[in-house]
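Peer 1: Below you will find the structure I want to go over with you.
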Amino acid sequence: MTERRSQDELRASHADRDIVVERLREAAGEGRLDLDELEERLERALSARTYGELAALTADLPGPGAPTPAATPAPLAPRPAARPVPAELTIKGGVGGAERTGHWRAPARIIARGGMGGVKLDFTLAELSALETEVEIQGGMGGVTLVVPAGWAIDAQDFEGDLGGFKNKTQHVVPDERTPGLRLTGNGGIGGAVVRHPNLWERRRLKENPS
């Protein structure tokens with residue numbers, strides 16, 4: 001008990017937190033955690049200081065739990081991909097609109113053109129190829145909506161709201177080298193741009209069908 005307690009009290013590294021974050025996202029995709037549980041545990045994982053705090057987040061999940069101390073921590077790296085992810089993705093709203101929701105693979109740079117119908121990008125269960133994703137917004141008539149999990153940082157310093165304006169409805173996060181987030185560029189056009197967390201309907205849909 002003394003040996004286990006001393007290990008639980010050891011300080012966790014950024015790489016250790018990333019391992020737990022990855023396992024939590026996998027568990028949500030398997031239907032073991034609903035959206036509320038995923039967001040709550042992700043927040044706790046990102047702020048965890050010790051191995052014991054990390055272990056508590058995966059104790060009720062099958063498979064490996066929290067990471068064990070290593071002599072040399074693994075370097076921070078993007079999540080591995082099963083197949084190559086394009087460096088850039090362009091999504092056009094056109095007349096009928098366009099969206100990416102559920103499980104999808106987000107490259108490091110995305111161009112979202114709202115067109116007439118608008119564009120919606122839901123990053124709640126997205127697989128990221130970079131810790132910070134650049135989204136170039138051209139709002140057009142329909143505008144662009146971005147949905148992000150709690151704990152993400154939003155950098156809109158290089159974005160112009162234009163006629164449609166810009167609304168950031170997310171919780172403010174002070175980013176560091178392990179914080180996922182979006183860097184916005186471009187302009188809102190007439191339709192504008194909105195960044196928010198999942199609404200009640202989206203939360204319910206993910207609970208019913210997390211995959």
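Naming works like this for the structure tokens: A, B, ... for the chains as they're shown, residue 1 at the start of each chain, ligands 1 onward in shown order.
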Taking the backbone alone, and naming residues the way the document does, which bits of range 24-188 of chain A are strand (DSSP E or B) by DSSP, as a short mmCIF file (atom, residue, chain, number, x, y, z; two decimals) with all heavy atoms, in the first residue's frame?

Peer 2:
data_model
loop_
_atom_site.label_atom_id
_atom_site.label_comp_id
_atom_site.auth_asym_id
_atom_site.auth_seq_id
_atom_site.Cartn_x
_atom_site.Cartn_y
_atom_site.Cartn_z
N THR A 50 -1.27 14.62 -10.48
CA THR A 50 -0.61 13.40 -10.04
C THR A 50 -1.14 12.19 -10.79
O THR A 50 -2.21 12.23 -11.42
CB THR A 50 -0.80 13.17 -8.54
OG1 THR A 50 -2.20 12.91 -8.28
CG2 THR A 50 -0.35 14.38 -7.74
N GLU A 88 -4.80 19.97 -45.73
CA GLU A 88 -5.80 21.03 -45.77
C GLU A 88 -7.13 20.47 -46.26
O GLU A 88 -7.17 19.57 -47.11
CB GLU A 88 -5.32 22.15 -46.69
CG GLU A 88 -6.23 23.35 -46.77
CD GLU A 88 -5.61 24.47 -47.61
OE1 GLU A 88 -4.66 25.11 -47.12
OE2 GLU A 88 -6.08 24.66 -48.76
N LEU A 89 -8.21 20.97 -45.71
CA LEU A 89 -9.56 20.54 -46.10
C LEU A 89 -10.41 21.78 -46.36
O LEU A 89 -10.45 22.70 -45.54
CB LEU A 89 -10.18 19.70 -44.98
CG LEU A 89 -11.68 19.35 -45.13
CD1 LEU A 89 -11.87 18.41 -46.33
CD2 LEU A 89 -12.20 18.70 -43.86
N THR A 90 -11.09 21.80 -47.50
CA THR A 90 -12.00 22.89 -47.84
C THR A 90 -13.44 22.38 -47.81
O THR A 90 -13.75 21.37 -48.45
CB THR A 90 -11.69 23.47 -49.23
OG1 THR A 90 -10.36 24.01 -49.23
CG2 THR A 90 -12.66 24.58 -49.58
N ILE A 91 -14.29 23.06 -47.06
CA ILE A 91 -15.70 22.69 -46.96
C ILE A 91 -16.53 23.87 -47.44
O ILE A 91 -16.41 24.98 -46.93
CB ILE A 91 -16.07 22.33 -45.51
CG1 ILE A 91 -15.20 21.16 -45.02
CG2 ILE A 91 -17.55 21.96 -45.41
CD1 ILE A 91 -15.45 20.79 -43.58
N LYS A 92 -17.40 23.61 -48.43
CA LYS A 92 -18.21 24.66 -49.03
C LYS A 92 -19.69 24.44 -48.68
O LYS A 92 -20.23 23.36 -48.91
CB LYS A 92 -18.02 24.67 -50.55
CG LYS A 92 -16.58 24.91 -50.98
CD LYS A 92 -16.43 24.87 -52.50
CE LYS A 92 -14.99 25.09 -52.92
NZ LYS A 92 -14.85 25.06 -54.40
N ALA A 98 -23.33 22.54 -45.54
CA ALA A 98 -22.43 21.40 -45.37
C ALA A 98 -22.02 21.33 -43.91
O ALA A 98 -22.01 22.34 -43.20
CB ALA A 98 -21.20 21.54 -46.26
N GLU A 99 -21.69 20.10 -43.45
CA GLU A 99 -21.29 19.94 -42.06
C GLU A 99 -20.36 18.76 -41.90
O GLU A 99 -20.31 17.86 -42.74
CB GLU A 99 -22.51 19.77 -41.15
CG GLU A 99 -23.30 18.49 -41.40
CD GLU A 99 -24.47 18.32 -40.44
OE1 GLU A 99 -24.95 19.33 -39.89
OE2 GLU A 99 -24.89 17.16 -40.23
N ARG A 100 -19.63 18.77 -40.80
CA ARG A 100 -18.84 17.63 -40.34
C ARG A 100 -19.21 17.42 -38.88
O ARG A 100 -18.99 18.30 -38.04
CB ARG A 100 -17.32 17.90 -40.46
CG ARG A 100 -16.82 17.97 -41.88
CD ARG A 100 -16.82 16.61 -42.56
NE ARG A 100 -16.13 16.66 -43.84
CZ ARG A 100 -16.67 17.06 -44.97
NH1 ARG A 100 -17.92 17.49 -44.98
NH2 ARG A 100 -15.98 17.06 -46.09
N ARG A 105 -12.05 13.25 -39.28
CA ARG A 105 -10.62 13.50 -39.13
C ARG A 105 -10.31 14.92 -39.59
O ARG A 105 -10.50 15.27 -40.75
CB ARG A 105 -9.83 12.47 -39.93
CG ARG A 105 -10.29 11.03 -39.63
CD ARG A 105 -9.52 10.00 -40.40
NE ARG A 105 -8.18 9.87 -39.88
CZ ARG A 105 -7.14 9.50 -40.61
NH1 ARG A 105 -7.28 9.28 -41.90
NH2 ARG A 105 -5.95 9.39 -40.07
N ALA A 106 -9.88 15.73 -38.66
CA ALA A 106 -9.63 17.15 -38.92
C ALA A 106 -8.16 17.39 -39.20
O ALA A 106 -7.31 17.11 -38.35
CB ALA A 106 -10.09 17.98 -37.73
N ARG A 109 -5.29 22.37 -41.02
CA ARG A 109 -5.86 23.59 -41.59
C ARG A 109 -7.16 23.28 -42.32
O ARG A 109 -7.23 22.33 -43.12
CB ARG A 109 -4.87 24.25 -42.55
CG ARG A 109 -5.42 25.46 -43.31
CD ARG A 109 -4.34 26.14 -44.13
NE ARG A 109 -4.89 27.03 -45.15
CZ ARG A 109 -5.32 28.26 -44.91
NH1 ARG A 109 -5.29 28.73 -43.68
NH2 ARG A 109 -5.81 29.01 -45.88
N ILE A 110 -8.19 24.06 -42.04
CA ILE A 110 -9.50 23.88 -42.66
C ILE A 110 -9.97 25.22 -43.20
O ILE A 110 -9.85 26.25 -42.54
CB ILE A 110 -10.54 23.35 -41.64
CG1 ILE A 110 -10.09 22.00 -41.07
CG2 ILE A 110 -11.92 23.21 -42.28
CD1 ILE A 110 -10.96 21.51 -39.93
N ILE A 111 -10.52 25.19 -44.42
CA ILE A 111 -11.12 26.38 -45.02
C ILE A 111 -12.63 26.15 -45.07
O ILE A 111 -13.10 25.20 -45.70
CB ILE A 111 -10.58 26.64 -46.43
CG1 ILE A 111 -9.06 26.82 -46.38
CG2 ILE A 111 -11.25 27.87 -47.04
CD1 ILE A 111 -8.42 26.93 -47.77
N ALA A 112 -13.39 26.99 -44.37
CA ALA A 112 -14.85 26.84 -44.30
C ALA A 112 -15.49 28.01 -45.04
O ALA A 112 -15.41 29.15 -44.60
CB ALA A 112 -15.31 26.81 -42.85
N ARG A 113 -16.15 27.70 -46.17
CA ARG A 113 -16.82 28.73 -46.97
C ARG A 113 -18.34 28.55 -46.78
O ARG A 113 -18.92 27.58 -47.26
CB ARG A 113 -16.43 28.60 -48.44
CG ARG A 113 -14.92 28.66 -48.68
CD ARG A 113 -14.59 28.68 -50.17
NE ARG A 113 -13.16 28.59 -50.41
CZ ARG A 113 -12.32 29.62 -50.36
NH1 ARG A 113 -12.78 30.81 -50.06
NH2 ARG A 113 -11.03 29.44 -50.60
N VAL A 119 -22.00 26.54 -43.08
CA VAL A 119 -21.15 25.40 -42.74
C VAL A 119 -21.15 25.22 -41.23
O VAL A 119 -21.08 26.19 -40.48
CB VAL A 119 -19.70 25.62 -43.24
CG1 VAL A 119 -18.75 24.59 -42.61
CG2 VAL A 119 -19.64 25.52 -44.75
N LYS A 120 -21.22 23.95 -40.81
CA LYS A 120 -21.14 23.61 -39.38
C LYS A 120 -20.04 22.56 -39.20
O LYS A 120 -20.05 21.52 -39.84
CB LYS A 120 -22.47 23.06 -38.87
CG LYS A 120 -22.41 22.56 -37.42
CD LYS A 120 -23.73 21.96 -37.00
CE LYS A 120 -23.67 21.35 -35.62
NZ LYS A 120 -24.95 20.71 -35.23
N LEU A 121 -19.09 22.85 -38.31
CA LEU A 121 -18.02 21.91 -37.98
C LEU A 121 -18.12 21.59 -36.50
O LEU A 121 -17.94 22.46 -35.66
CB LEU A 121 -16.65 22.52 -38.30
CG LEU A 121 -16.41 22.99 -39.73
CD1 LEU A 121 -15.02 23.61 -39.86
CD2 LEU A 121 -16.57 21.84 -40.70
N ASP A 122 -18.39 20.33 -36.19
CA ASP A 122 -18.51 19.89 -34.80
C ASP A 122 -17.27 19.08 -34.45
O ASP A 122 -17.06 17.98 -34.94
CB ASP A 122 -19.77 19.03 -34.63
CG ASP A 122 -20.07 18.71 -33.17
OD1 ASP A 122 -19.14 18.80 -32.34
OD2 ASP A 122 -21.21 18.37 -32.86
N GLU A 127 -11.14 13.62 -34.69
CA GLU A 127 -9.77 13.16 -34.51
C GLU A 127 -8.83 14.24 -35.04
O GLU A 127 -8.85 14.55 -36.23
CB GLU A 127 -9.54 11.85 -35.24
CG GLU A 127 -8.13 11.30 -35.12
CD GLU A 127 -7.94 10.00 -35.88
OE1 GLU A 127 -8.90 9.21 -35.93
OE2 GLU A 127 -6.84 9.81 -36.42
N LEU A 128 -8.03 14.81 -34.18
CA LEU A 128 -7.18 15.93 -34.56
C LEU A 128 -5.82 15.45 -35.06
O LEU A 128 -5.27 14.49 -34.53
CB LEU A 128 -6.97 16.87 -33.37
CG LEU A 128 -8.24 17.44 -32.71
CD1 LEU A 128 -7.85 18.33 -31.54
CD2 LEU A 128 -9.08 18.20 -33.71
N GLU A 132 -3.36 22.43 -32.34
CA GLU A 132 -4.09 23.64 -32.72
C GLU A 132 -4.49 23.53 -34.18
O GLU A 132 -3.65 23.30 -35.04
CB GLU A 132 -3.26 24.90 -32.50
CG GLU A 132 -4.00 26.17 -32.88
CD GLU A 132 -3.15 27.43 -32.71
OE1 GLU A 132 -2.22 27.61 -33.53
OE2 GLU A 132 -3.41 28.19 -31.77
N THR A 133 -5.77 23.68 -34.46
CA THR A 133 -6.29 23.60 -35.82
C THR A 133 -6.62 25.00 -36.33
O THR A 133 -7.34 25.74 -35.67
CB THR A 133 -7.57 22.73 -35.87
OG1 THR A 133 -7.28 21.43 -35.35
CG2 THR A 133 -8.08 22.61 -37.29
N GLU A 134 -6.07 25.35 -37.48
CA GLU A 134 -6.41 26.64 -38.07
C GLU A 134 -7.66 26.51 -38.91
O GLU A 134 -7.75 25.61 -39.76
CB GLU A 134 -5.27 27.16 -38.95
CG GLU A 134 -5.62 28.49 -39.62
CD GLU A 134 -4.60 28.94 -40.66
OE1 GLU A 134 -3.52 28.31 -40.73
OE2 GLU A 134 -4.90 29.91 -41.39
N VAL A 135 -8.64 27.38 -38.69
CA VAL A 135 -9.86 27.40 -39.48
C VAL A 135 -9.96 28.76 -40.15
O VAL A 135 -10.15 29.78 -39.49
CB VAL A 135 -11.11 27.14 -38.63
CG1 VAL A 135 -12.35 27.14 -39.51
CG2 VAL A 135 -10.99 25.81 -37.88
N GLU A 136 -9.82 28.78 -41.48
CA GLU A 136 -10.01 30.00 -42.24
C GLU A 136 -11.49 30.09 -42.61
O GLU A 136 -12.02 29.22 -43.31
CB GLU A 136 -9.16 30.01 -43.51
CG GLU A 136 -9.37 31.27 -44.35
CD GLU A 136 -8.63 31.24 -45.66
OE1 GLU A 136 -7.51 30.69 -45.69
OE2 GLU A 136 -9.16 31.75 -46.66
N ILE A 137 -12.15 31.12 -42.14
CA ILE A 137 -13.59 31.27 -42.33
C ILE A 137 -13.88 32.32 -43.39
O ILE A 137 -13.34 33.42 -43.35
CB ILE A 137 -14.27 31.67 -41.00
CG1 ILE A 137 -14.11 30.55 -39.96
CG2 ILE A 137 -15.75 31.98 -41.22
CD1 ILE A 137 -14.63 30.92 -38.60
N GLN A 138 -14.72 31.95 -44.34
CA GLN A 138 -15.31 32.88 -45.29
C GLN A 138 -16.82 32.71 -45.13
O GLN A 138 -17.42 31.82 -45.72
CB GLN A 138 -14.85 32.57 -46.72
CG GLN A 138 -13.34 32.63 -46.92
CD GLN A 138 -12.75 34.00 -46.66
OE1 GLN A 138 -13.42 35.02 -46.81
NE2 GLN A 138 -11.48 34.04 -46.25
N VAL A 144 -20.79 30.51 -40.60
CA VAL A 144 -20.07 29.31 -40.17
C VAL A 144 -20.26 29.13 -38.67
O VAL A 144 -20.10 30.08 -37.90
CB VAL A 144 -18.56 29.42 -40.50
CG1 VAL A 144 -17.79 28.23 -39.90
CG2 VAL A 144 -18.35 29.50 -42.00
N THR A 145 -20.59 27.89 -38.26
CA THR A 145 -20.75 27.54 -36.85
C THR A 145 -19.72 26.49 -36.48
O THR A 145 -19.59 25.47 -37.16
CB THR A 145 -22.16 26.99 -36.57
OG1 THR A 145 -23.13 28.00 -36.88
CG2 THR A 145 -22.30 26.59 -35.11
N LEU A 146 -18.98 26.73 -35.40
CA LEU A 146 -17.98 25.80 -34.91
C LEU A 146 -18.39 25.33 -33.52
O LEU A 146 -18.66 26.15 -32.64
CB LEU A 146 -16.60 26.47 -34.85
CG LEU A 146 -16.13 27.15 -36.14
CD1 LEU A 146 -14.82 27.87 -35.90
CD2 LEU A 146 -15.98 26.14 -37.26
N VAL A 147 -18.44 24.01 -33.32
CA VAL A 147 -18.82 23.43 -32.03
C VAL A 147 -17.60 22.73 -31.45
O VAL A 147 -17.00 21.87 -32.10
CB VAL A 147 -19.98 22.42 -32.21
CG1 VAL A 147 -20.42 21.87 -30.85
CG2 VAL A 147 -21.16 23.07 -32.91
N ALA A 153 -9.21 26.04 -26.35
CA ALA A 153 -8.85 27.45 -26.43
C ALA A 153 -9.20 27.98 -27.83
O ALA A 153 -8.98 27.29 -28.83
CB ALA A 153 -7.36 27.65 -26.16
N ILE A 154 -9.74 29.19 -27.88
CA ILE A 154 -10.12 29.81 -29.14
C ILE A 154 -9.32 31.09 -29.34
O ILE A 154 -9.38 32.00 -28.52
CB ILE A 154 -11.63 30.15 -29.16
CG1 ILE A 154 -12.47 28.90 -28.85
CG2 ILE A 154 -12.02 30.74 -30.51
CD1 ILE A 154 -12.30 27.77 -29.81
N ASP A 155 -8.55 31.13 -30.43
CA ASP A 155 -7.74 32.30 -30.77
C ASP A 155 -8.36 32.96 -32.00
O ASP A 155 -8.29 32.42 -33.11
CB ASP A 155 -6.30 31.87 -31.06
CG ASP A 155 -5.40 33.05 -31.42
OD1 ASP A 155 -5.90 34.20 -31.49
OD2 ASP A 155 -4.19 32.83 -31.65
N ALA A 156 -8.99 34.10 -31.79
CA ALA A 156 -9.66 34.81 -32.89
C ALA A 156 -9.02 36.17 -33.17
O ALA A 156 -9.67 37.05 -33.76
CB ALA A 156 -11.15 34.97 -32.57
N GLN A 157 -7.78 36.35 -32.80
CA GLN A 157 -7.12 37.64 -32.98
C GLN A 157 -7.00 38.03 -34.45
O GLN A 157 -7.01 39.21 -34.79
CB GLN A 157 -5.74 37.62 -32.33
CG GLN A 157 -5.77 37.44 -30.82
CD GLN A 157 -4.38 37.50 -30.20
OE1 GLN A 157 -3.51 38.20 -30.70
NE2 GLN A 157 -4.18 36.77 -29.13
N ASP A 158 -6.85 37.04 -35.33
CA ASP A 158 -6.66 37.31 -36.76
C ASP A 158 -7.95 37.16 -37.56
O ASP A 158 -7.92 37.06 -38.79
CB ASP A 158 -5.59 36.38 -37.34
CG ASP A 158 -4.23 36.59 -36.69
OD1 ASP A 158 -3.92 37.75 -36.37
OD2 ASP A 158 -3.51 35.59 -36.49
N PHE A 159 -9.09 37.15 -36.88
CA PHE A 159 -10.38 36.97 -37.56
C PHE A 159 -11.16 38.28 -37.54
O PHE A 159 -11.20 38.98 -36.52
CB PHE A 159 -11.20 35.88 -36.87
CG PHE A 159 -12.56 35.67 -37.48
CD1 PHE A 159 -12.70 35.01 -38.68
CD2 PHE A 159 -13.69 36.16 -36.85
CE1 PHE A 159 -13.95 34.84 -39.26
CE2 PHE A 159 -14.95 35.98 -37.41
CZ PHE A 159 -15.08 35.32 -38.62
N GLU A 160 -11.81 38.62 -38.67
CA GLU A 160 -12.62 39.81 -38.78
C GLU A 160 -14.09 39.42 -38.88
O GLU A 160 -14.47 38.66 -39.77
CB GLU A 160 -12.21 40.62 -40.01
CG GLU A 160 -10.78 41.14 -39.96
CD GLU A 160 -10.43 41.96 -41.19
OE1 GLU A 160 -11.33 42.17 -42.03
OE2 GLU A 160 -9.27 42.37 -41.30
N PHE A 166 -19.09 38.23 -35.02
CA PHE A 166 -18.49 37.03 -34.46
C PHE A 166 -18.93 36.87 -33.01
O PHE A 166 -18.91 37.82 -32.23
CB PHE A 166 -16.96 37.13 -34.52
CG PHE A 166 -16.25 36.02 -33.79
CD1 PHE A 166 -16.34 34.71 -34.23
CD2 PHE A 166 -15.50 36.28 -32.65
CE1 PHE A 166 -15.69 33.69 -33.54
CE2 PHE A 166 -14.85 35.28 -31.97
CZ PHE A 166 -14.95 33.98 -32.42
N LYS A 167 -19.36 35.65 -32.66
CA LYS A 167 -19.78 35.35 -31.30
C LYS A 167 -19.00 34.16 -30.78
O LYS A 167 -19.02 33.09 -31.37
CB LYS A 167 -21.29 35.05 -31.24
CG LYS A 167 -22.17 36.23 -31.60
CD LYS A 167 -23.65 35.86 -31.50
CE LYS A 167 -24.54 37.03 -31.85
NZ LYS A 167 -25.99 36.67 -31.78
N ASN A 168 -18.32 34.36 -29.68
CA ASN A 168 -17.61 33.27 -29.01
C ASN A 168 -18.36 32.95 -27.71
O ASN A 168 -18.27 33.69 -26.74
CB ASN A 168 -16.17 33.65 -28.71
CG ASN A 168 -15.38 32.52 -28.10
OD1 ASN A 168 -15.91 31.44 -27.85
ND2 ASN A 168 -14.11 32.75 -27.83
N GLY A 181 -7.19 23.39 -29.42
CA GLY A 181 -7.95 24.59 -29.71
C GLY A 181 -7.99 24.93 -31.18
O GLY A 181 -7.46 24.21 -32.03
N LEU A 182 -8.62 26.07 -31.49
CA LEU A 182 -8.77 26.56 -32.84
C LEU A 182 -8.15 27.95 -32.97
O LEU A 182 -8.27 28.77 -32.06
CB LEU A 182 -10.26 26.65 -33.23
CG LEU A 182 -11.10 25.38 -33.13
CD1 LEU A 182 -12.54 25.68 -33.55
CD2 LEU A 182 -10.52 24.26 -33.98
N ARG A 183 -7.51 28.18 -34.10
CA ARG A 183 -7.04 29.52 -34.44
C ARG A 183 -7.82 29.98 -35.66
O ARG A 183 -7.75 29.35 -36.72
CB ARG A 183 -5.53 29.54 -34.73
CG ARG A 183 -5.00 30.94 -35.03
CD ARG A 183 -3.49 30.96 -35.03
NE ARG A 183 -2.94 30.21 -36.16
CZ ARG A 183 -2.73 30.75 -37.36
NH1 ARG A 183 -3.05 32.01 -37.60
NH2 ARG A 183 -2.21 30.01 -38.33
N LEU A 184 -8.58 31.05 -35.51
CA LEU A 184 -9.49 31.49 -36.56
C LEU A 184 -8.88 32.62 -37.37
O LEU A 184 -8.29 33.56 -36.83
CB LEU A 184 -10.81 31.96 -35.95
CG LEU A 184 -11.49 31.00 -34.97
CD1 LEU A 184 -12.83 31.56 -34.52
CD2 LEU A 184 -11.67 29.62 -35.59
N THR A 185 -9.03 32.52 -38.70
CA THR A 185 -8.62 33.58 -39.61
C THR A 185 -9.77 33.82 -40.59
O THR A 185 -10.78 33.12 -40.56
CB THR A 185 -7.34 33.19 -40.38
OG1 THR A 185 -7.60 32.01 -41.16
CG2 THR A 185 -6.19 32.91 -39.43
N GLY A 186 -9.61 34.80 -41.47
CA GLY A 186 -10.64 35.08 -42.46
C GLY A 186 -11.62 36.12 -41.98
O GLY A 186 -11.30 36.98 -41.14
N ASN A 187 -12.87 36.04 -42.48
CA ASN A 187 -13.89 37.02 -42.11
C ASN A 187 -15.27 36.38 -42.09
O ASN A 187 -15.51 35.36 -42.74
CB ASN A 187 -13.86 38.21 -43.06
CG ASN A 187 -14.25 37.83 -44.47
OD1 ASN A 187 -15.43 37.77 -44.81
ND2 ASN A 187 -13.26 37.56 -45.33
#

Peer 1: Check the DSSP output for the backbone and give back, as a ChimeraX atom specification, the residues of range 8-191 of chain A in helix (DSSP H, G or I).

Peer 2: /A:8,14-29,35-47,51-58

Peer 1: Neighbours of Arg178 in chain A within 9 Å (only C-alpha atoms; same-chain residues fewer than 5 positions away dropped), as a PDB file with C-alpha atoms, in the first residue's frame?

Peer 2:
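The file below, result_26.pdb, is the result:
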ATOM      1  CA  HIS A  14       1.971  16.402 -20.240  1.00  0.00           C
ATOM      2  CA  ALA A  15       2.458  13.114 -22.091  1.00  0.00           C
ATOM      3  CA  ARG A  17      -2.254  13.483 -19.425  1.00  0.00           C
ATOM      4  CA  ASP A  18      -2.420  13.025 -23.203  1.00  0.00           C
ATOM      5  CA  LEU A  46      -6.089  18.359 -18.361  1.00  0.00           C
ATOM      6  CA  LEU A  76       4.170  15.288 -26.962  1.00  0.00           C
ATOM      7  CA  LEU A 131      -3.062  20.297 -31.190  1.00  0.00           C
TER       8      LEU A 131
END

Peer 1: Could you tell me which of A:Leu163, A:Pro149, A:Leu61, A:Ile190 comes closest to Leu38 in chain A if we count only C-alpha atoms?

Peer 2: A:Pro149
